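K.L.:
The structure file model_0.cif (mmCIF, N, CA and C atoms) is provided below.
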```cif
data_structure
#
loop_
_atom_site.label_atom_id
_atom_site.label_comp_id
_atom_site.auth_asym_id
_atom_site.auth_seq_id
_atom_site.Cartn_x
_atom_site.Cartn_y
_atom_site.Cartn_z
N ASP N 29 -1.48 7.82 -10.19
CA ASP N 29 -2.10 9.13 -10.25
C ASP N 29 -1.51 9.95 -9.10
N VAL N 30 -1.02 11.14 -9.40
CA VAL N 30 -0.37 11.96 -8.38
C VAL N 30 -0.97 13.36 -8.36
N ASP N 31 -1.31 13.84 -7.17
CA ASP N 31 -1.72 15.22 -6.98
C ASP N 31 -0.45 15.97 -6.59
N ALA N 32 0.21 16.60 -7.57
CA ALA N 32 1.52 17.22 -7.35
C ALA N 32 1.47 18.31 -6.29
N GLU N 33 0.36 19.02 -6.23
CA GLU N 33 0.25 20.12 -5.28
C GLU N 33 0.27 19.60 -3.83
N LYS N 34 -0.41 18.50 -3.60
CA LYS N 34 -0.50 17.95 -2.25
C LYS N 34 0.49 16.82 -2.01
N LYS N 35 1.21 16.40 -3.04
CA LYS N 35 2.17 15.29 -2.92
C LYS N 35 1.49 14.01 -2.44
N ILE N 36 0.29 13.75 -2.99
CA ILE N 36 -0.47 12.54 -2.66
C ILE N 36 -0.58 11.69 -3.92
N GLY N 37 -0.22 10.43 -3.81
CA GLY N 37 -0.34 9.50 -4.93
C GLY N 37 -1.42 8.48 -4.66
N TRP N 38 -1.88 7.84 -5.71
CA TRP N 38 -2.93 6.83 -5.60
C TRP N 38 -2.41 5.51 -6.12
N SER N 39 -2.44 4.50 -5.29
CA SER N 39 -2.07 3.14 -5.70
C SER N 39 -3.36 2.42 -6.02
N SER N 40 -3.57 2.12 -7.30
CA SER N 40 -4.84 1.54 -7.70
C SER N 40 -5.00 0.11 -7.22
N ARG N 41 -3.88 -0.56 -6.92
CA ARG N 41 -3.99 -1.91 -6.38
C ARG N 41 -2.66 -2.31 -5.76
N LEU N 42 -2.73 -3.28 -4.89
CA LEU N 42 -1.51 -3.85 -4.33
C LEU N 42 -0.95 -4.81 -5.37
N ILE N 43 0.34 -4.81 -5.53
CA ILE N 43 0.94 -5.62 -6.58
C ILE N 43 1.71 -6.78 -5.97
N GLY N 44 1.43 -7.96 -6.44
CA GLY N 44 2.16 -9.15 -6.01
C GLY N 44 2.66 -9.90 -7.23
N LYS N 45 3.83 -10.46 -7.10
CA LYS N 45 4.42 -11.21 -8.22
C LYS N 45 5.24 -12.35 -7.65
N GLY N 46 5.04 -13.56 -8.16
CA GLY N 46 5.86 -14.69 -7.72
C GLY N 46 5.47 -15.18 -6.34
N ASN N 47 6.49 -15.68 -5.61
CA ASN N 47 6.23 -16.20 -4.28
C ASN N 47 6.05 -15.05 -3.28
N ALA N 48 5.82 -15.39 -2.02
CA ALA N 48 5.54 -14.36 -1.01
C ALA N 48 6.69 -13.37 -0.88
N PHE N 49 7.93 -13.86 -0.85
CA PHE N 49 9.07 -12.96 -0.72
C PHE N 49 9.17 -12.00 -1.90
N GLN N 50 8.91 -12.51 -3.10
CA GLN N 50 8.95 -11.65 -4.29
C GLN N 50 7.83 -10.62 -4.27
N SER N 51 6.66 -11.01 -3.80
CA SER N 51 5.54 -10.07 -3.70
C SER N 51 5.84 -8.97 -2.70
N PHE N 52 6.41 -9.36 -1.55
CA PHE N 52 6.78 -8.36 -0.54
C PHE N 52 7.81 -7.40 -1.11
N GLU N 53 8.82 -7.94 -1.80
CA GLU N 53 9.87 -7.09 -2.34
C GLU N 53 9.33 -6.15 -3.42
N THR N 54 8.46 -6.66 -4.29
CA THR N 54 7.86 -5.84 -5.34
C THR N 54 7.09 -4.67 -4.74
N GLN N 55 6.25 -4.96 -3.76
CA GLN N 55 5.45 -3.90 -3.14
C GLN N 55 6.35 -2.90 -2.42
N MET N 56 7.39 -3.40 -1.75
CA MET N 56 8.31 -2.53 -1.03
C MET N 56 9.02 -1.57 -1.99
N LEU N 57 9.47 -2.09 -3.13
CA LEU N 57 10.15 -1.25 -4.12
C LEU N 57 9.22 -0.19 -4.70
N ILE N 58 7.96 -0.54 -4.91
CA ILE N 58 6.99 0.42 -5.43
C ILE N 58 6.76 1.55 -4.43
N LEU N 59 6.62 1.20 -3.16
CA LEU N 59 6.42 2.23 -2.13
C LEU N 59 7.67 3.09 -1.98
N ASP N 60 8.85 2.46 -2.00
CA ASP N 60 10.09 3.24 -1.95
C ASP N 60 10.15 4.23 -3.10
N TRP N 61 9.78 3.77 -4.29
CA TRP N 61 9.81 4.62 -5.48
C TRP N 61 8.87 5.82 -5.29
N GLY N 62 7.67 5.57 -4.78
CA GLY N 62 6.72 6.66 -4.56
C GLY N 62 7.21 7.68 -3.56
N PHE N 63 7.73 7.20 -2.45
CA PHE N 63 8.17 8.12 -1.41
C PHE N 63 9.52 8.77 -1.72
N ASP N 64 10.47 7.98 -2.19
CA ASP N 64 11.84 8.49 -2.35
C ASP N 64 12.12 9.13 -3.71
N TYR N 65 11.61 8.55 -4.78
CA TYR N 65 11.90 9.07 -6.12
C TYR N 65 10.92 10.17 -6.52
N ILE N 66 9.63 9.90 -6.33
CA ILE N 66 8.62 10.89 -6.71
C ILE N 66 8.47 11.96 -5.63
N GLY N 67 8.76 11.60 -4.39
CA GLY N 67 8.65 12.55 -3.29
C GLY N 67 7.25 12.68 -2.72
N LEU N 68 6.47 11.61 -2.81
CA LEU N 68 5.12 11.66 -2.26
C LEU N 68 5.17 11.76 -0.74
N GLU N 69 4.19 12.45 -0.19
CA GLU N 69 4.05 12.53 1.26
C GLU N 69 3.03 11.52 1.77
N ARG N 70 2.12 11.12 0.90
CA ARG N 70 1.07 10.16 1.27
C ARG N 70 0.70 9.36 0.03
N ILE N 71 0.41 8.07 0.24
CA ILE N 71 -0.09 7.21 -0.83
C ILE N 71 -1.42 6.65 -0.36
N ARG N 72 -2.42 6.71 -1.24
CA ARG N 72 -3.76 6.20 -0.93
C ARG N 72 -4.10 5.06 -1.87
N GLY N 73 -5.05 4.26 -1.48
CA GLY N 73 -5.51 3.16 -2.32
C GLY N 73 -6.82 2.63 -1.80
N ASP N 74 -7.30 1.57 -2.41
CA ASP N 74 -8.52 0.92 -1.94
C ASP N 74 -8.41 -0.58 -2.13
N ILE N 75 -9.10 -1.31 -1.27
CA ILE N 75 -9.11 -2.76 -1.32
C ILE N 75 -10.56 -3.21 -1.16
N ASP N 76 -10.96 -4.17 -1.97
CA ASP N 76 -12.29 -4.74 -1.83
C ASP N 76 -12.44 -5.30 -0.42
N GLU N 77 -13.53 -4.97 0.22
CA GLU N 77 -13.77 -5.38 1.60
C GLU N 77 -13.68 -6.90 1.79
N ASN N 78 -14.00 -7.67 0.77
CA ASN N 78 -14.00 -9.13 0.87
C ASN N 78 -12.70 -9.80 0.43
N ASN N 79 -11.73 -9.00 0.03
CA ASN N 79 -10.45 -9.56 -0.43
C ASN N 79 -9.52 -9.74 0.77
N LYS N 80 -9.76 -10.81 1.52
CA LYS N 80 -9.01 -11.06 2.76
C LYS N 80 -7.51 -11.18 2.53
N PRO N 81 -7.04 -11.88 1.47
CA PRO N 81 -5.59 -11.94 1.26
C PRO N 81 -4.96 -10.56 1.03
N ALA N 82 -5.64 -9.69 0.28
CA ALA N 82 -5.11 -8.35 0.02
C ALA N 82 -5.11 -7.51 1.30
N LEU N 83 -6.12 -7.66 2.13
CA LEU N 83 -6.17 -6.92 3.39
C LEU N 83 -5.02 -7.36 4.31
N LYS N 84 -4.80 -8.67 4.37
CA LYS N 84 -3.70 -9.19 5.19
C LYS N 84 -2.35 -8.70 4.67
N PHE N 85 -2.18 -8.74 3.35
CA PHE N 85 -0.95 -8.28 2.71
C PHE N 85 -0.70 -6.81 3.04
N ALA N 86 -1.75 -6.00 2.96
CA ALA N 86 -1.64 -4.56 3.23
C ALA N 86 -1.23 -4.28 4.67
N LYS N 87 -1.69 -5.11 5.59
CA LYS N 87 -1.34 -4.91 7.00
C LYS N 87 0.17 -5.05 7.23
N TYR N 88 0.81 -5.94 6.49
CA TYR N 88 2.25 -6.11 6.62
C TYR N 88 3.02 -4.82 6.32
N PHE N 89 2.44 -3.98 5.49
CA PHE N 89 3.13 -2.77 5.03
C PHE N 89 2.80 -1.52 5.83
N GLY N 90 1.90 -1.63 6.78
CA GLY N 90 1.59 -0.47 7.61
C GLY N 90 0.53 0.46 7.05
N TRP N 91 -0.26 -0.03 6.08
CA TRP N 91 -1.35 0.79 5.57
C TRP N 91 -2.33 1.08 6.70
N ASN N 92 -2.88 2.28 6.72
CA ASN N 92 -3.93 2.67 7.66
C ASN N 92 -5.28 2.44 6.99
N PHE N 93 -6.15 1.71 7.66
CA PHE N 93 -7.44 1.32 7.10
C PHE N 93 -8.53 2.28 7.55
N GLU N 94 -9.36 2.70 6.60
CA GLU N 94 -10.53 3.52 6.91
C GLU N 94 -11.75 2.60 7.04
N THR N 95 -12.85 3.14 7.49
CA THR N 95 -14.09 2.38 7.61
C THR N 95 -14.59 1.99 6.21
N PRO N 96 -15.02 0.73 6.01
CA PRO N 96 -15.53 0.33 4.69
C PRO N 96 -16.71 1.20 4.25
N VAL N 97 -16.74 1.48 2.95
CA VAL N 97 -17.83 2.27 2.36
C VAL N 97 -18.25 1.63 1.05
N PHE N 98 -19.46 1.97 0.61
CA PHE N 98 -19.90 1.52 -0.71
C PHE N 98 -19.37 2.50 -1.74
N ASP N 99 -18.61 2.01 -2.69
CA ASP N 99 -18.04 2.84 -3.75
C ASP N 99 -18.96 2.77 -4.95
N GLU N 100 -19.69 3.83 -5.21
CA GLU N 100 -20.66 3.88 -6.32
C GLU N 100 -19.98 3.60 -7.66
N GLU N 101 -18.81 4.19 -7.86
CA GLU N 101 -18.10 4.04 -9.13
C GLU N 101 -17.73 2.58 -9.40
N ARG N 102 -17.32 1.87 -8.35
CA ARG N 102 -16.90 0.48 -8.52
C ARG N 102 -18.03 -0.52 -8.27
N GLY N 103 -19.11 -0.05 -7.66
CA GLY N 103 -20.25 -0.91 -7.41
C GLY N 103 -19.99 -1.97 -6.35
N ARG N 104 -19.15 -1.66 -5.37
CA ARG N 104 -18.81 -2.62 -4.32
C ARG N 104 -18.34 -1.88 -3.08
N ARG N 105 -18.28 -2.62 -1.98
CA ARG N 105 -17.77 -2.04 -0.74
C ARG N 105 -16.26 -2.13 -0.76
N VAL N 106 -15.62 -1.04 -0.38
CA VAL N 106 -14.15 -0.98 -0.36
C VAL N 106 -13.68 -0.40 0.97
N ILE N 107 -12.43 -0.69 1.25
CA ILE N 107 -11.76 -0.08 2.39
C ILE N 107 -10.66 0.79 1.80
N PHE N 108 -10.77 2.09 2.02
CA PHE N 108 -9.72 2.98 1.56
C PHE N 108 -8.56 2.88 2.55
N VAL N 109 -7.35 2.88 2.00
CA VAL N 109 -6.13 2.76 2.80
C VAL N 109 -5.22 3.93 2.45
N ASN N 110 -4.37 4.29 3.40
CA ASN N 110 -3.41 5.35 3.13
C ASN N 110 -2.20 5.15 4.03
N MET N 111 -1.09 5.74 3.62
CA MET N 111 0.12 5.67 4.43
C MET N 111 1.05 6.82 4.10
N THR N 112 1.88 7.14 5.08
CA THR N 112 2.97 8.08 4.89
C THR N 112 4.26 7.28 4.92
N LYS N 113 5.35 7.91 4.57
CA LYS N 113 6.64 7.23 4.65
C LYS N 113 6.91 6.80 6.09
N GLU N 114 6.53 7.63 7.04
CA GLU N 114 6.73 7.30 8.45
C GLU N 114 5.92 6.07 8.85
N ASP N 115 4.71 5.92 8.30
CA ASP N 115 3.89 4.73 8.57
C ASP N 115 4.57 3.48 8.02
N PHE N 116 5.24 3.63 6.88
CA PHE N 116 5.84 2.51 6.17
C PHE N 116 7.16 2.06 6.78
N GLU N 117 7.92 2.97 7.38
CA GLU N 117 9.28 2.66 7.84
C GLU N 117 9.38 1.45 8.77
N PRO N 118 8.55 1.32 9.82
CA PRO N 118 8.68 0.13 10.68
C PRO N 118 8.46 -1.18 9.92
N ALA N 119 7.46 -1.20 9.05
CA ALA N 119 7.20 -2.40 8.26
C ALA N 119 8.35 -2.65 7.28
N ARG N 120 8.90 -1.59 6.71
CA ARG N 120 10.00 -1.74 5.76
C ARG N 120 11.21 -2.39 6.44
N ARG N 121 11.55 -1.94 7.64
CA ARG N 121 12.68 -2.53 8.36
C ARG N 121 12.45 -4.01 8.62
N LYS N 122 11.25 -4.36 9.08
CA LYS N 122 10.91 -5.75 9.38
C LYS N 122 10.95 -6.60 8.11
N LEU N 123 10.35 -6.11 7.03
CA LEU N 123 10.32 -6.86 5.78
C LEU N 123 11.71 -7.01 5.17
N THR N 124 12.53 -5.98 5.28
CA THR N 124 13.90 -6.06 4.75
C THR N 124 14.68 -7.17 5.45
N LYS N 125 14.55 -7.26 6.75
CA LYS N 125 15.21 -8.34 7.49
C LYS N 125 14.71 -9.70 7.04
N MET N 126 13.41 -9.82 6.83
CA MET N 126 12.82 -11.08 6.43
C MET N 126 13.24 -11.49 5.01
N ILE N 127 13.23 -10.54 4.08
CA ILE N 127 13.53 -10.84 2.68
C ILE N 127 15.01 -11.09 2.45
N TYR N 128 15.86 -10.27 3.05
CA TYR N 128 17.29 -10.31 2.75
C TYR N 128 18.13 -10.97 3.84
N ARG N 129 17.55 -11.88 4.60
CA ARG N 129 18.32 -12.52 5.67
C ARG N 129 19.33 -13.50 5.15
#
```
As structure tokens, what does this structure read like?
P.N.:
Amino acid sequence: DVDAEKKIGWSSRLIGKGNAFQSFETQMLILDWGFDYIGLERIRGDIDENNKPALKFAKYFGWNFETPVFDEERGRRVIFVNMTKEDFEPARRKLTKMIYR
């Protein structure tokens, strides 16, 4: 979902596929696509407060975490996350070295 006027996209979930390296690469390519191809300035998302693996995974990518809130629509507590391309760049460099060494 993209707000074209504000250049803000919404990532409905973190995506993982295969082993850890494949999951990192998949997520990295999705973020690159959002920032570089679509031209987003910010990407937002949410993670269930109790999903510890997803929270840990998100930290690797430089997501900024907001205070947990109760999401009426989803009926659960979530942590909204967001990032800019600048937030992502340090993590991208580190992950690229790790994946493609």
K.L.:
Which residues, named as in the file, does the PyMOL selection byres ((chain N and resi 105) around 8) pick out? Answer as a list in words.
P.N.:
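With the PyMOL selection byres ((chain N and resi 105) around 8) on this model, the match is Ile75, Asp76, Glu77, Asn78, Pro96, Val97, Phe98, Asp99, Glu100, Arg102, Gly103, Arg104, Val106, Ile107 and Phe108 of chain N.
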K.L.:
List the neighbours of range 117-123 of chain N out to 10 Å using only C-alpha atoms; skip same-chain residues closer than 4 positions along the sequence, and give me the result as a PyMOL selection string.
P.N.:
chain N and resi 49+52-53+56-57+59-60+87-91+112-113+127-129
K.L.:
Using Å and a single decimal, report how far CA of Thr95 in chain N sits from atom N of Lys80 in chain N.
P.N.:
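So the answer is 15.2 Å.
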K.L.:
For CA of Ala48 in chain N and atom N of Asn79 in chain N, determine how far apart the two atoms are, in Å to one decimal place.
P.N.:
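So the answer is 18.1 Å.
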K.L.:
Using all atoms listed in the file, find the one residue out of N:Lys125, N:Val109, N:Phe93, N:Lys34 that sits nearest to Arg72 in chain N.
P.N.:
N:Val109
K.L.:
For the helix (DSSP H, G or I) assignment from backbone DSSP, which residues of chain N qualify? Please present them as a PyMOL selection string.
P.N.:
chain N and resi 48-65+80-88+113-127
K.L.:
Extract the full set of strand (DSSP E or B) residues from range 33-119 of chain N according to DSSP on the backbone, and format it as a VMD selection string.
P.N.:
chain N and resid 36 to 39 70 to 76 92 to 93 97 to 99 104 to 111
K.L.:
Record the distance separating CA of Ser39 in chain N and CA of Asp74 in chain N, expressed in Å with one decimal.
P.N.:
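Between these atoms lies a distance of 7.8 Å.
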K.L.:
Extending 6 Å beyond the listed atoms of range 70-88 of chain N on each side, what axis-aligned box results? I want centre and edge lengths in Å to one decimal, as AutoDock Vina command-line options.
P.N.:
```
--center_x -5.5 --center_y -0.4 --center_z 2.4 --size_x 29.0 --size_y 35.1 --size_z 21.6
```
K.L.:
So, counting only C-alpha atoms, which residue among N:Asn110, N:Asn92, N:Gln50, N:Gln55 is closest to Leu68 in chain N?
P.N.:
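Among the listed residues, N:Asn110 lies closest to Leu68 in chain N.
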K.L.:
Please supply range 106-122 of chain N, rebuilt with N, CA, C and O atoms, as a short mmCIF file (atom, residue, chain, number, x, y, z; two decimals), keeping the file's coordinate frame.
P.N.:
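Now in result-v7.cif:
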```
data_model
loop_
_atom_site.label_atom_id
_atom_site.label_comp_id
_atom_site.auth_asym_id
_atom_site.auth_seq_id
_atom_site.Cartn_x
_atom_site.Cartn_y
_atom_site.Cartn_z
N VAL N 106 -15.62 -1.04 -0.38
CA VAL N 106 -14.15 -0.98 -0.36
C VAL N 106 -13.68 -0.40 0.97
O VAL N 106 -14.43 0.27 1.67
N ILE N 107 -12.43 -0.69 1.25
CA ILE N 107 -11.76 -0.08 2.39
C ILE N 107 -10.66 0.79 1.80
O ILE N 107 -9.76 0.30 1.12
N PHE N 108 -10.77 2.09 2.02
CA PHE N 108 -9.72 2.98 1.56
C PHE N 108 -8.56 2.88 2.55
O PHE N 108 -8.76 2.77 3.75
N VAL N 109 -7.35 2.88 2.00
CA VAL N 109 -6.13 2.76 2.80
C VAL N 109 -5.22 3.93 2.45
O VAL N 109 -5.31 4.50 1.36
N ASN N 110 -4.37 4.29 3.40
CA ASN N 110 -3.41 5.35 3.13
C ASN N 110 -2.20 5.15 4.03
O ASN N 110 -2.28 4.46 5.05
N MET N 111 -1.09 5.74 3.62
CA MET N 111 0.12 5.67 4.43
C MET N 111 1.05 6.82 4.10
O MET N 111 0.98 7.39 3.01
N THR N 112 1.88 7.14 5.08
CA THR N 112 2.97 8.08 4.89
C THR N 112 4.26 7.28 4.92
O THR N 112 4.25 6.09 5.29
N LYS N 113 5.35 7.91 4.57
CA LYS N 113 6.64 7.23 4.65
C LYS N 113 6.91 6.80 6.09
O LYS N 113 7.45 5.72 6.33
N GLU N 114 6.53 7.63 7.04
CA GLU N 114 6.73 7.30 8.45
C GLU N 114 5.92 6.07 8.85
O GLU N 114 6.36 5.27 9.67
N ASP N 115 4.71 5.92 8.30
CA ASP N 115 3.89 4.73 8.57
C ASP N 115 4.57 3.48 8.02
O ASP N 115 4.49 2.41 8.61
N PHE N 116 5.24 3.63 6.88
CA PHE N 116 5.84 2.51 6.17
C PHE N 116 7.16 2.06 6.78
O PHE N 116 7.51 0.88 6.73
N GLU N 117 7.92 2.97 7.38
CA GLU N 117 9.28 2.66 7.84
C GLU N 117 9.38 1.45 8.77
O GLU N 117 10.24 0.60 8.57
N PRO N 118 8.55 1.32 9.82
CA PRO N 118 8.68 0.13 10.68
C PRO N 118 8.46 -1.18 9.92
O PRO N 118 9.20 -2.15 10.11
N ALA N 119 7.46 -1.20 9.05
CA ALA N 119 7.20 -2.40 8.26
C ALA N 119 8.35 -2.65 7.28
O ALA N 119 8.75 -3.79 7.07
N ARG N 120 8.90 -1.59 6.71
CA ARG N 120 10.00 -1.74 5.76
C ARG N 120 11.21 -2.39 6.44
O ARG N 120 11.85 -3.27 5.87
N ARG N 121 11.55 -1.94 7.64
CA ARG N 121 12.68 -2.53 8.36
C ARG N 121 12.45 -4.01 8.62
O ARG N 121 13.33 -4.84 8.40
N LYS N 122 11.25 -4.36 9.08
CA LYS N 122 10.91 -5.75 9.38
C LYS N 122 10.95 -6.60 8.11
O LYS N 122 11.51 -7.70 8.10
#
```
